[in-house]
There are 2 protein chains.
Amino acid sequence: MNRFLSNATHRIDAKGRVSVPSSFRAVLARAGAEELYVYQDFVFPAVSVAGPEVLDRFERLIAAQDPFSVEANKMSLLIHGGGVFMKLDGEGRLAMTDFIRSFTGIIDMVTFAGRGDHFQIWAPAAFEATQAQARQERMRATPPSV
Amino acid sequence: MNRFLSNATHRIDAKGRVSVPSSFRAVLARAGAEELYVYQDFVFPAVSVAGPEVLDRFERLIAAQDPFSVEANKMSLLIHGGGVFMKLDGEGRLAMTDFIRSFTGIIDMVTFAGRGDHFQIWAPAAFEATQAQARQERMRATPPSV
DNA sequence: CTGTTTCCCATTGACGCCCATATAGGCCCA
DNA sequence: TGGGCCTATATGGGCGTCAATGGGAAACAG
């Protein structure tokens, strides 16, 4: 299946690297993603990982606006200033740089969360809490009826 | 990838110099930019850095207007009066002159922010605050959709 | 002559590239 | 069906290179 699914928590090694779950790497390989566009998420304290085409899509949104507008500038501040290209090492690991750590609060463990067409990198505690909260809200929205 | 992406915060040394992130220098080198056009940004309390062709582009915008118009004069005041040519030293460092400091509020640390076709130099706190605010506004624009 | 800028050189830590090990799960075979 | 083999995944670490930073000394300007 060519989607990012499930979640897994891995340990960061002494050199600040984490193994990306092999199922995620398989999806990336199938999509032919050599370089990864990693950006600080707009909603959650997590970074999102996707192929370069996602940046292209964001840039088209900006290009449609007046380049001198405050809106276009703020958008660029997020997608350019808040994003970076990275690549996996030979063993399929990703370096947890300050760019990622400062935004996510990641210390020594990382939770990978599938999001369909991309995946996210979280501090484990933040992921647990946010997912639990989302589940609660959903339950309130639609009472258990199955 | 030939775009300015990501952000990084570096320390200013005793001589008032900062290292420009190596990924930014790589983009500049690829573009063949020897001299840098540094101008006080039109939107944010930051200075923007780009190749000389950006100044050319601005000048063409002015040339397209009536040279006696208030608009054209104001534009020139910004792009000429608010800009300067600079170059990196042998180690890829840039001097933080008063021209830059007074406009940005930079003291002893500098945040570099990629902006696609150029990059910006910010006081760290100002960058954090502005980017966070942009993210908040974006979140309100498109509600969380987990 | 003196403060500032430019050109070098030194140090330290981070990162890329490579190889080693262990454990879990799948697979084969009896 | 149970047990052992085997492969892939997750993880650890060596080592060379490069980036970020500090500082000396020459060149320059006021």
# chains A, B, ... in the order shown; residues from 1 in each chain; ligands from 1
$ residues_around --residues "B:Tyr37" --least-positions-apart "5" --cutoff "7 Å" --atoms "only C-alpha atoms (C1' of nucleotides)" --output "JSON, numbers by chain"
{"B": [49, 50, 51, 52, 55, 83, 84, 85, 86]}
$ write_last_selection --atoms "C-alpha atoms" --output "compact mmCIF listing (two decimals), in the first residue's frame"
# COMPACT_ATOMS: atom_id res chain seq x y z
CA VAL B 49 20.11 39.34 0.74
CA ALA B 50 20.08 38.46 -2.94
CA GLY B 51 22.17 38.61 -6.07
CA PRO B 52 22.51 41.88 -8.03
CA LEU B 55 18.25 45.17 -7.84
CA GLY B 83 20.17 48.90 -0.04
CA VAL B 84 23.89 48.28 -0.21
CA PHE B 85 26.31 45.92 -1.93
CA MET B 86 28.34 43.62 0.31
$ closest_atom_pairs --of "chain B" --to "chain A" --cutoff "9 Å" --atoms "only C-alpha atoms" --output "Markdown table"
| residue | atom | partner | partner_atom | distance |
| --- | --- | --- | --- | --- |
| B:Met1 | CA | A:Phe85 | CA | 7.8 |
| B:Arg3 | CA | A:His80 | CA | 8.6 |
| B:Phe4 | CA | A:His80 | CA | 7.1 |
| B:Leu5 | CA | A:His80 | CA | 5.0 |
| B:Ser6 | CA | A:Gly81 | CA | 4.7 |
| B:Asn7 | CA | A:Gly81 | CA | 5.5 |
| B:Ala8 | CA | A:Phe99 | CA | 7.3 |
| B:Phe42 | CA | A:Phe68 | CA | 7.7 |
| B:Val43 | CA | A:Val70 | CA | 6.5 |
| B:Phe44 | CA | A:Asn73 | CA | 8.7 |
| B:Phe112 | CA | A:Gly81 | CA | 8.5 |
| B:Ala113 | CA | A:Gly81 | CA | 4.9 |
| B:Gly114 | CA | A:Gly81 | CA | 4.8 |
| B:Arg115 | CA | A:His80 | CA | 5.1 |
| B:Gly116 | CA | A:His80 | CA | 5.9 |
| B:Phe119 | CA | A:Gly81 | CA | 8.6 |
| B:Thr130 | CA | A:Lys74 | CA | 8.3 |
| B:Gln131 | CA | A:Leu77 | CA | 6.4 |
| B:Ala132 | CA | A:Leu78 | CA | 8.8 |
| B:Gln133 | CA | A:Lys74 | CA | 8.9 |
| B:Ala134 | CA | A:Lys74 | CA | 5.6 |
| B:Arg135 | CA | A:Phe42 | CA | 5.6 |
| B:Gln136 | CA | A:Phe42 | CA | 7.8 |
| B:Arg138 | CA | A:Phe42 | CA | 6.9 |
| B:Met139 | CA | A:Val43 | CA | 5.9 |
| B:Pro143 | CA | A:Val43 | CA | 8.4 |
| B:Pro144 | CA | A:Val43 | CA | 6.4 |
| B:Val146 | CA | A:Ala134 | CA | 7.4 |
$ write_last_selection --atoms "N, CA and C atoms" --output "CSV table (one decimal), in the first residue's frame"
chain,number,residue,atom,x,y,z
B,1,MET,N,19.4,21.3,-4.2
B,1,MET,CA,18.2,22.1,-4.6
B,1,MET,C,18.6,23.6,-4.6
B,3,ARG,N,17.4,26.5,-4.0
B,3,ARG,CA,16.6,27.5,-3.3
B,3,ARG,C,17.1,27.8,-1.9
B,4,PHE,N,16.8,29.0,-1.4
B,4,PHE,CA,17.2,29.3,-0.1
B,4,PHE,C,16.1,28.7,0.8
B,5,LEU,N,16.5,27.7,1.7
B,5,LEU,CA,15.5,27.1,2.6
B,5,LEU,C,16.0,27.0,4.0
B,6,SER,N,15.1,26.9,4.9
B,6,SER,CA,15.4,26.6,6.3
B,6,SER,C,15.9,27.9,7.1
B,7,ASN,N,16.1,27.7,8.3
B,7,ASN,CA,16.6,28.8,9.1
B,7,ASN,C,17.7,28.3,10.1
B,8,ALA,N,18.6,29.2,10.5
B,8,ALA,CA,19.7,28.8,11.4
B,8,ALA,C,20.1,30.1,12.1
B,42,PHE,N,10.9,45.3,2.9
B,42,PHE,CA,9.7,46.1,2.7
B,42,PHE,C,8.6,45.8,3.7
B,43,VAL,N,8.7,44.6,4.2
B,43,VAL,CA,7.6,44.0,5.0
B,43,VAL,C,8.0,43.8,6.5
B,44,PHE,N,9.2,43.2,6.7
B,44,PHE,CA,9.6,42.7,8.0
B,44,PHE,C,10.8,43.5,8.5
B,112,PHE,N,19.3,33.4,10.2
B,112,PHE,CA,19.2,33.4,8.7
B,112,PHE,C,18.0,32.7,8.4
B,113,ALA,N,17.2,33.3,7.5
B,113,ALA,CA,15.9,32.6,7.1
B,113,ALA,C,15.9,32.5,5.5
B,114,GLY,N,15.8,31.3,5.0
B,114,GLY,CA,15.6,31.1,3.6
B,114,GLY,C,14.3,31.6,3.1
B,115,ARG,N,14.3,32.2,1.9
B,115,ARG,CA,13.0,32.8,1.3
B,115,ARG,C,12.9,32.4,-0.1
B,116,GLY,N,13.4,31.3,-0.5
B,116,GLY,CA,13.3,30.8,-1.9
B,116,GLY,C,14.3,31.4,-2.8
B,119,PHE,N,17.5,35.3,0.8
B,119,PHE,CA,17.4,34.9,2.2
B,119,PHE,C,17.4,36.2,3.1
B,130,THR,N,7.6,36.6,14.7
B,130,THR,CA,6.9,36.8,13.4
B,130,THR,C,6.5,35.5,12.7
B,131,GLN,N,7.4,34.5,12.8
B,131,GLN,CA,7.1,33.2,12.2
B,131,GLN,C,5.9,32.5,12.9
B,132,ALA,N,6.0,32.6,14.3
B,132,ALA,CA,5.0,32.0,15.1
B,132,ALA,C,3.6,32.6,14.8
B,133,GLN,N,3.6,34.0,14.7
B,133,GLN,CA,2.4,34.7,14.4
B,133,GLN,C,1.8,34.3,13.0
B,134,ALA,N,2.7,34.2,12.0
B,134,ALA,CA,2.2,33.8,10.7
B,134,ALA,C,1.6,32.4,10.8
B,135,ARG,N,2.2,31.5,11.6
B,135,ARG,CA,1.7,30.1,11.7
B,135,ARG,C,0.3,30.1,12.3
B,136,GLN,N,0.2,30.9,13.4
B,136,GLN,CA,-1.1,31.1,14.0
B,136,GLN,C,-2.2,31.5,13.1
B,138,ARG,N,-2.3,31.2,9.9
B,138,ARG,CA,-2.5,30.1,9.0
B,138,ARG,C,-3.4,29.1,9.6
B,139,MET,N,-3.2,28.8,10.9
B,139,MET,CA,-4.0,27.8,11.5
B,139,MET,C,-5.5,28.2,11.6
B,143,PRO,N,-8.6,25.3,9.5
B,143,PRO,CA,-8.8,24.6,10.8
B,143,PRO,C,-8.1,23.3,10.8
B,144,PRO,N,-7.6,22.8,12.0
B,144,PRO,CA,-7.0,21.5,12.2
B,144,PRO,C,-7.9,20.4,11.5
B,146,VAL,N,-7.3,16.8,11.5
B,146,VAL,CA,-6.8,15.4,11.7
B,146,VAL,C,-8.0,14.4,11.5
$ atom_distance --atom1 "atom CA of B:Gly16" --atom2 "atom CA of B:Ala95"
5.8 Å
$ closest_atom_pairs --of "chain B" --to "chain D" --cutoff "10 Å" --atoms "only C-alpha atoms (C1' of nucleotides)" --output "JSON lines"
{"residue": "B:His10", "atom": "CA", "partner": "D:DA20", "partner_atom": "C1'", "distance": 8.3}
{"residue": "B:Arg11", "atom": "CA", "partner": "D:DT21", "partner_atom": "C1'", "distance": 8.4}
{"residue": "B:Ile12", "atom": "CA", "partner": "D:DT21", "partner_atom": "C1'", "distance": 9.1}
{"residue": "B:Asp13", "atom": "CA", "partner": "D:DT21", "partner_atom": "C1'", "distance": 7.5}
{"residue": "B:Ala14", "atom": "CA", "partner": "D:DG22", "partner_atom": "C1'", "distance": 8.5}
{"residue": "B:Lys15", "atom": "CA", "partner": "D:DG23", "partner_atom": "C1'", "distance": 9.8}
{"residue": "B:Arg17", "atom": "CA", "partner": "D:DT21", "partner_atom": "C1'", "distance": 9.9}
{"residue": "B:Val18", "atom": "CA", "partner": "D:DT21", "partner_atom": "C1'", "distance": 8.8}
{"residue": "B:Ser19", "atom": "CA", "partner": "D:DA20", "partner_atom": "C1'", "distance": 6.7}
{"residue": "B:Val20", "atom": "CA", "partner": "D:DA20", "partner_atom": "C1'", "distance": 9.3}
{"residue": "B:Pro21", "atom": "CA", "partner": "D:DA19", "partner_atom": "C1'", "distance": 8.5}
{"residue": "B:Ser22", "atom": "CA", "partner": "D:DA19", "partner_atom": "C1'", "distance": 7.1}
{"residue": "B:Glu91", "atom": "CA", "partner": "D:DA20", "partner_atom": "C1'", "distance": 9.5}
{"residue": "B:Arg93", "atom": "CA", "partner": "D:DA20", "partner_atom": "C1'", "distance": 9.9}
$ closest_atom_pairs --of "chain C" --to "chain A" --cutoff "9 Å" --atoms "only C-alpha atoms (C1' of nucleotides)" --output "tab-separated table"
residue	atom	partner	partner_atom	distance
C:DA14	C1'	A:Lys15	CA	8.9
C:DC15	C1'	A:Ala95	CA	8.9
C:DG16	C1'	A:Asp89	CA	7.8
C:DC17	C1'	A:Gly90	CA	7.9
C:DC18	C1'	A:Gly90	CA	8.9
$ select_by_dssp --residues "chain B" --states "alpha helix (DSSP H)" --output "short mmCIF file (atom, residue, chain, number, x, y, z; two decimals) with C-alpha atoms, in the first residue's frame"
data_model
loop_
_atom_site.label_atom_id
_atom_site.label_comp_id
_atom_site.auth_asym_id
_atom_site.auth_seq_id
_atom_site.Cartn_x
_atom_site.Cartn_y
_atom_site.Cartn_z
CA SER B 22 26.90 26.84 4.11
CA SER B 23 23.74 25.77 2.28
CA PHE B 24 23.02 29.43 1.49
CA ARG B 25 26.56 29.98 0.29
CA ALA B 26 26.18 26.97 -1.96
CA VAL B 27 23.10 28.49 -3.59
CA LEU B 28 24.88 31.83 -4.05
CA ALA B 29 27.87 30.10 -5.60
CA ARG B 30 25.67 28.13 -7.96
CA ALA B 31 24.00 31.38 -9.03
CA PRO B 52 22.51 41.88 -8.03
CA GLU B 53 19.85 40.76 -10.48
CA VAL B 54 17.22 41.53 -7.84
CA LEU B 55 18.25 45.17 -7.84
CA ASP B 56 18.01 45.14 -11.63
CA ARG B 57 14.50 43.80 -11.35
CA PHE B 58 13.51 46.51 -8.88
CA GLU B 59 14.98 49.16 -11.14
CA ARG B 60 12.97 47.92 -14.07
CA LEU B 61 9.85 48.29 -11.98
CA ILE B 62 10.76 51.91 -11.37
CA ALA B 63 11.68 52.52 -14.99
CA VAL B 70 5.66 60.04 -6.08
CA GLU B 71 5.47 56.28 -6.37
CA ALA B 72 8.66 55.94 -8.38
CA ASN B 73 10.49 58.28 -6.03
CA LYS B 74 9.41 56.39 -2.95
CA MET B 75 10.38 53.11 -4.55
CA SER B 76 13.86 54.41 -5.28
CA LEU B 77 14.14 55.67 -1.74
CA LEU B 78 13.64 52.10 -0.56
CA ILE B 79 15.64 50.07 -3.04
CA ASP B 98 25.24 49.49 11.62
CA PHE B 99 23.19 49.55 8.42
CA ILE B 100 22.03 46.06 9.30
CA ARG B 101 21.96 46.35 13.08
CA SER B 102 19.94 49.52 13.32
CA PHE B 103 17.21 48.22 11.04
CA THR B 104 16.94 44.73 12.53
CA PRO B 124 16.42 35.84 16.51
CA ALA B 125 13.58 36.96 18.77
CA ALA B 126 11.91 38.95 16.00
CA PHE B 127 12.08 36.00 13.64
CA GLU B 128 10.62 33.61 16.18
CA ALA B 129 7.78 35.95 16.99
CA THR B 130 6.93 36.81 13.40
CA GLN B 131 7.06 33.23 12.17
CA ALA B 132 4.97 32.00 15.09
CA GLN B 133 2.38 34.66 14.39
CA ALA B 134 2.24 33.75 10.71
CA ARG B 135 1.68 30.14 11.71
CA GLN B 136 -1.15 31.07 14.05
CA GLU B 137 -2.88 33.06 11.36
CA ARG B 138 -2.50 30.15 8.98
CA MET B 139 -4.03 27.81 11.52
CA ARG B 140 -7.05 30.03 11.82
CA ALA B 141 -7.31 30.14 8.04
#
$ atom_distance --atom1 "atom CA of A:Ile107" --atom2 "atom CA of B:Thr111"
22.3 Å
$ select_by_dssp --residues "stretch 48-123 of chain B" --states "strand (DSSP E)" --output "PyMOL selection string"
chain B and resi 48-50+83-86+93-95+109-114+119-122
$ atom_distance --atom1 "atom CA of B:Gly32" --atom2 "atom CA of B:Asn2"
12.0 Å
